[in-house]
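So the structure is just underneath, and the comments pick up after that.
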Amino acid sequence: MEPAIIVHGGAWAIPDEARQRSLHGVKDAVLKGFNVLRDGGSAVDAVVAAVSVMEDDPIFDAGHGAVLNMKGEVELDAIVIDGNNLNSGAVAAVQDIANPVQLAKLVMDKTDHCLLVGQGANDFAREQNIPRLSKYELVTEGAKAEWERYMQYSTTVKSLFSARDLVPKRSGCDTVGAVALDTQGNLASATSTGGITAKRPGRVGDTPIIGAGAFADNTIGAASSTGHGESIMKISLTRKVAELMDRGATAQQAAQTALELMSTRVRGAGGVIVISKDGEVAHHFTTSRMAWAHITKGNLVYGIDPGVELTDGL
């Protein structure tokens, strides 16, 4: 199979001052993941590599760019899914981990479980000798300032995930994700997030939930989502995309139809990236902006604004 990979850096009202850094971030991530595929690596390794790049980039709300909950603490969620055997690993409400997607992969590889949360996830990280960081090493000054502005969870949700006609109000960034198809025809998906500023402690969104934050099945396709987690969970967004493809929709049709359903049924906004079992790559978002990039057939294409695609040589 011709390898393919697509990544996203979050769907929300990305302000102009974060535009270029977000574009650079997704381009760096997709190139890292594609290099894994080009060298014969697996789709799983490619999506973990790509997401790790974005977790290390403080422009994104994942890993080093994580936001703070109501108590001023960091709680991170991540997931990895292997479309070949349907194995998956995820962590939720884990603290002080620079790369939660790598911990999620260890849950998949080293345990009989699909999801570890809270203290149990942190204990597992210690068992696996995962380096621990303080929240001061993970959180940016922008995230601290945002936490001070938003101490009401409902207010934060309305501000960050507004429709396109509302004014952007956020200084940080959102969930990151990647979907890949390797040369063996295997699909994989990974998603990682720091959640929503001033969220209630213990709140877990869609990211670590199979069929919500991510989905992968070699017989159908794979997807990663971003946006308002509660809305994504209510309609099982990535699973809905897969169901639509399984019924004959193209990857692009499935992405658009699933997000339209989320908008009309639960009034939620967000974005999704998709690769079908045949290698069709697609993305769609219903927020003001979503940073994304993909490499297919040796071409790097990326964007952030609705209907605008840019191209760079590899």
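In the structure tokens, chains take letters A, B, ... by order of appearance, with residues numbered from 1 within each chain and ligands from 1 in the order shown.
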Using only C-alpha atoms, which residues sit within 12 Å of Pro131 in chain A once same-chain residues fewer than 5 positions away are excluded, as a PyMOL selection string?
chain A and resi 95-100+102-103+122-126
Out of range 34-254 of chain A, which residues get helix (DSSP H, G or I) from DSSP, as JSON, numbers by chain?
{"A": [34, 35, 36, 37, 38, 43, 44, 45, 46, 47, 48, 49, 50, 51, 52, 53, 54, 55, 63, 64, 65, 100, 101, 102, 103, 104, 105, 106, 107, 108, 109, 110, 118, 119, 120, 121, 122, 123, 124, 125, 126, 127, 135, 136, 137, 138, 141, 142, 143, 144, 145, 146, 147, 148, 149, 153, 154, 155, 156, 157, 158, 159, 160, 229, 230, 231, 232, 233, 234, 235, 237, 238, 239, 240, 241, 242, 243, 244, 245, 246, 251, 252, 253, 254]}
Quick one: everything within 12 Å of Ser88 in chain A, counting only C-alpha atoms, minus sequence neighbours fewer than 3 positions away in the same chain. Send it as a short mmCIF file (atom, residue, chain, number, x, y, z; two decimals) with N, CA, C and O atoms, in the first residue's frame.
```cif
data_model
loop_
_atom_site.label_atom_id
_atom_site.label_comp_id
_atom_site.auth_asym_id
_atom_site.auth_seq_id
_atom_site.Cartn_x
_atom_site.Cartn_y
_atom_site.Cartn_z
N VAL A 44 0.87 2.23 13.74
CA VAL A 44 0.83 2.55 15.16
C VAL A 44 2.03 3.41 15.56
O VAL A 44 1.89 4.45 16.22
N ALA A 78 -5.19 10.34 26.61
CA ALA A 78 -4.64 9.94 25.31
C ALA A 78 -5.09 8.53 24.97
O ALA A 78 -5.45 7.73 25.85
N ILE A 79 -5.06 8.20 23.67
CA ILE A 79 -5.47 6.89 23.19
C ILE A 79 -4.68 6.52 21.94
O ILE A 79 -4.28 7.39 21.17
N VAL A 80 -4.46 5.21 21.76
CA VAL A 80 -3.88 4.65 20.54
C VAL A 80 -4.71 3.43 20.16
O VAL A 80 -5.06 2.62 21.03
N ILE A 81 -5.04 3.29 18.88
CA ILE A 81 -5.81 2.13 18.40
C ILE A 81 -5.12 1.53 17.18
O ILE A 81 -4.76 2.26 16.25
N ASP A 82 -4.97 0.21 17.19
CA ASP A 82 -4.39 -0.55 16.09
C ASP A 82 -5.52 -1.16 15.26
O ASP A 82 -6.26 -2.02 15.75
N GLY A 83 -5.66 -0.70 14.02
CA GLY A 83 -6.76 -1.18 13.18
C GLY A 83 -6.59 -2.60 12.69
O GLY A 83 -7.54 -3.20 12.20
N ASN A 84 -5.40 -3.17 12.85
CA ASN A 84 -5.16 -4.54 12.39
C ASN A 84 -5.83 -5.56 13.29
O ASN A 84 -6.56 -6.44 12.84
N ASN A 85 -5.59 -5.44 14.59
CA ASN A 85 -6.12 -6.41 15.55
C ASN A 85 -7.11 -5.80 16.53
O ASN A 85 -7.58 -6.48 17.44
N VAL A 91 -5.14 6.32 28.40
CA VAL A 91 -5.01 6.82 29.77
C VAL A 91 -5.90 8.04 29.91
O VAL A 91 -6.15 8.76 28.94
N VAL A 101 0.54 9.94 25.07
CA VAL A 101 0.28 8.99 23.98
C VAL A 101 1.24 7.81 24.07
O VAL A 101 0.87 6.67 23.74
N LEU A 103 2.49 6.64 26.88
CA LEU A 103 1.98 5.84 28.00
C LEU A 103 0.77 5.02 27.55
O LEU A 103 0.62 3.85 27.94
N ALA A 104 -0.09 5.61 26.72
CA ALA A 104 -1.24 4.87 26.19
C ALA A 104 -0.79 3.66 25.39
O ALA A 104 -1.38 2.57 25.48
N LYS A 105 0.26 3.81 24.60
CA LYS A 105 0.77 2.67 23.82
C LYS A 105 1.30 1.58 24.74
O LYS A 105 1.14 0.38 24.47
N LEU A 106 1.92 1.96 25.85
CA LEU A 106 2.39 0.96 26.81
C LEU A 106 1.22 0.22 27.46
O LEU A 106 1.32 -0.98 27.74
N VAL A 107 0.12 0.92 27.70
CA VAL A 107 -1.08 0.24 28.21
C VAL A 107 -1.51 -0.83 27.21
O VAL A 107 -1.86 -1.95 27.58
N MET A 108 -1.47 -0.49 25.92
CA MET A 108 -1.84 -1.45 24.87
C MET A 108 -0.86 -2.62 24.80
O MET A 108 -1.27 -3.78 24.66
N ASP A 109 0.43 -2.33 24.90
CA ASP A 109 1.45 -3.35 24.69
C ASP A 109 1.76 -4.18 25.93
O ASP A 109 2.13 -5.36 25.81
N LYS A 110 1.63 -3.57 27.12
CA LYS A 110 2.13 -4.22 28.34
C LYS A 110 1.06 -4.70 29.30
O LYS A 110 1.38 -5.31 30.33
N THR A 111 -0.22 -4.40 29.03
CA THR A 111 -1.28 -4.83 29.94
C THR A 111 -2.39 -5.53 29.16
O THR A 111 -2.40 -5.54 27.94
N ASP A 112 -3.33 -6.10 29.92
CA ASP A 112 -4.50 -6.72 29.31
C ASP A 112 -5.68 -5.75 29.26
O ASP A 112 -6.80 -6.14 28.96
N HIS A 113 -5.43 -4.49 29.56
CA HIS A 113 -6.49 -3.49 29.67
C HIS A 113 -6.49 -2.55 28.47
O HIS A 113 -5.52 -2.46 27.71
N CYS A 114 -7.59 -1.83 28.32
CA CYS A 114 -7.70 -0.80 27.28
C CYS A 114 -7.55 0.61 27.84
O CYS A 114 -7.14 1.51 27.12
N LEU A 115 -7.88 0.81 29.13
CA LEU A 115 -7.90 2.15 29.68
C LEU A 115 -7.50 2.14 31.15
O LEU A 115 -8.06 1.38 31.94
N LEU A 116 -6.52 2.97 31.50
CA LEU A 116 -6.14 3.20 32.88
C LEU A 116 -6.36 4.68 33.20
O LEU A 116 -6.07 5.54 32.35
N ALA A 188 -4.08 2.94 11.83
CA ALA A 188 -3.98 3.25 13.26
C ALA A 188 -4.42 4.68 13.50
O ALA A 188 -4.37 5.52 12.59
N SER A 189 -4.85 4.94 14.73
CA SER A 189 -5.28 6.27 15.12
C SER A 189 -4.78 6.57 16.53
O SER A 189 -4.68 5.66 17.36
N ALA A 190 -4.47 7.83 16.78
CA ALA A 190 -4.05 8.26 18.12
C ALA A 190 -4.54 9.68 18.36
O ALA A 190 -4.56 10.50 17.45
N THR A 191 -4.92 9.96 19.61
CA THR A 191 -5.41 11.28 19.99
C THR A 191 -4.91 11.60 21.39
O THR A 191 -4.77 10.70 22.23
N PRO A 208 -9.98 9.60 25.23
CA PRO A 208 -9.54 8.23 25.48
C PRO A 208 -10.62 7.17 25.25
O PRO A 208 -10.42 6.00 25.59
N ILE A 209 -11.75 7.57 24.67
CA ILE A 209 -12.87 6.66 24.49
C ILE A 209 -12.89 6.11 23.06
O ILE A 209 -12.95 6.87 22.09
N ILE A 210 -12.85 4.78 22.93
CA ILE A 210 -12.91 4.14 21.62
C ILE A 210 -14.22 4.52 20.94
O ILE A 210 -15.30 4.41 21.52
N GLY A 211 -14.13 4.96 19.69
CA GLY A 211 -15.32 5.33 18.93
C GLY A 211 -15.73 6.78 19.11
O GLY A 211 -16.61 7.27 18.41
N ALA A 214 -11.18 8.41 19.05
CA ALA A 214 -10.42 7.73 17.99
C ALA A 214 -11.09 6.41 17.64
O ALA A 214 -11.81 5.82 18.45
N PHE A 215 -10.83 5.97 16.40
CA PHE A 215 -11.32 4.67 15.94
C PHE A 215 -10.41 4.18 14.83
O PHE A 215 -9.90 4.99 14.05
N ALA A 216 -10.20 2.87 14.75
CA ALA A 216 -9.42 2.29 13.65
C ALA A 216 -9.82 0.84 13.45
O ALA A 216 -9.90 0.07 14.41
N ASP A 217 -10.07 0.48 12.20
CA ASP A 217 -10.41 -0.89 11.82
C ASP A 217 -9.98 -1.07 10.36
O ASP A 217 -10.47 -0.38 9.48
#
```
Could you tell me how far CA of Ala291 in chain A sits from CA of Glu73 in chain A, in Å to one decimal place?
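Going from CA of Glu73 in chain A over to CA of Ala291 in chain A, I get 26.2 Å.
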Could you pull the residues within 6 Å of range 134-148 of chain A, counting only C-alpha atoms, minus those fewer than 4 positions along the same chain, as a ChimeraX atom specification?
/A:64-67,96,197-198
When DSSP is applied to the backbone of this structure, which of range 182-307 of chain A are assigned strand (DSSP E or B)? Write them out as an MDAnalysis selection string.
chainID A and resid 187:193 210 214:217 221:227 270:276 281:285 289:296 299:303
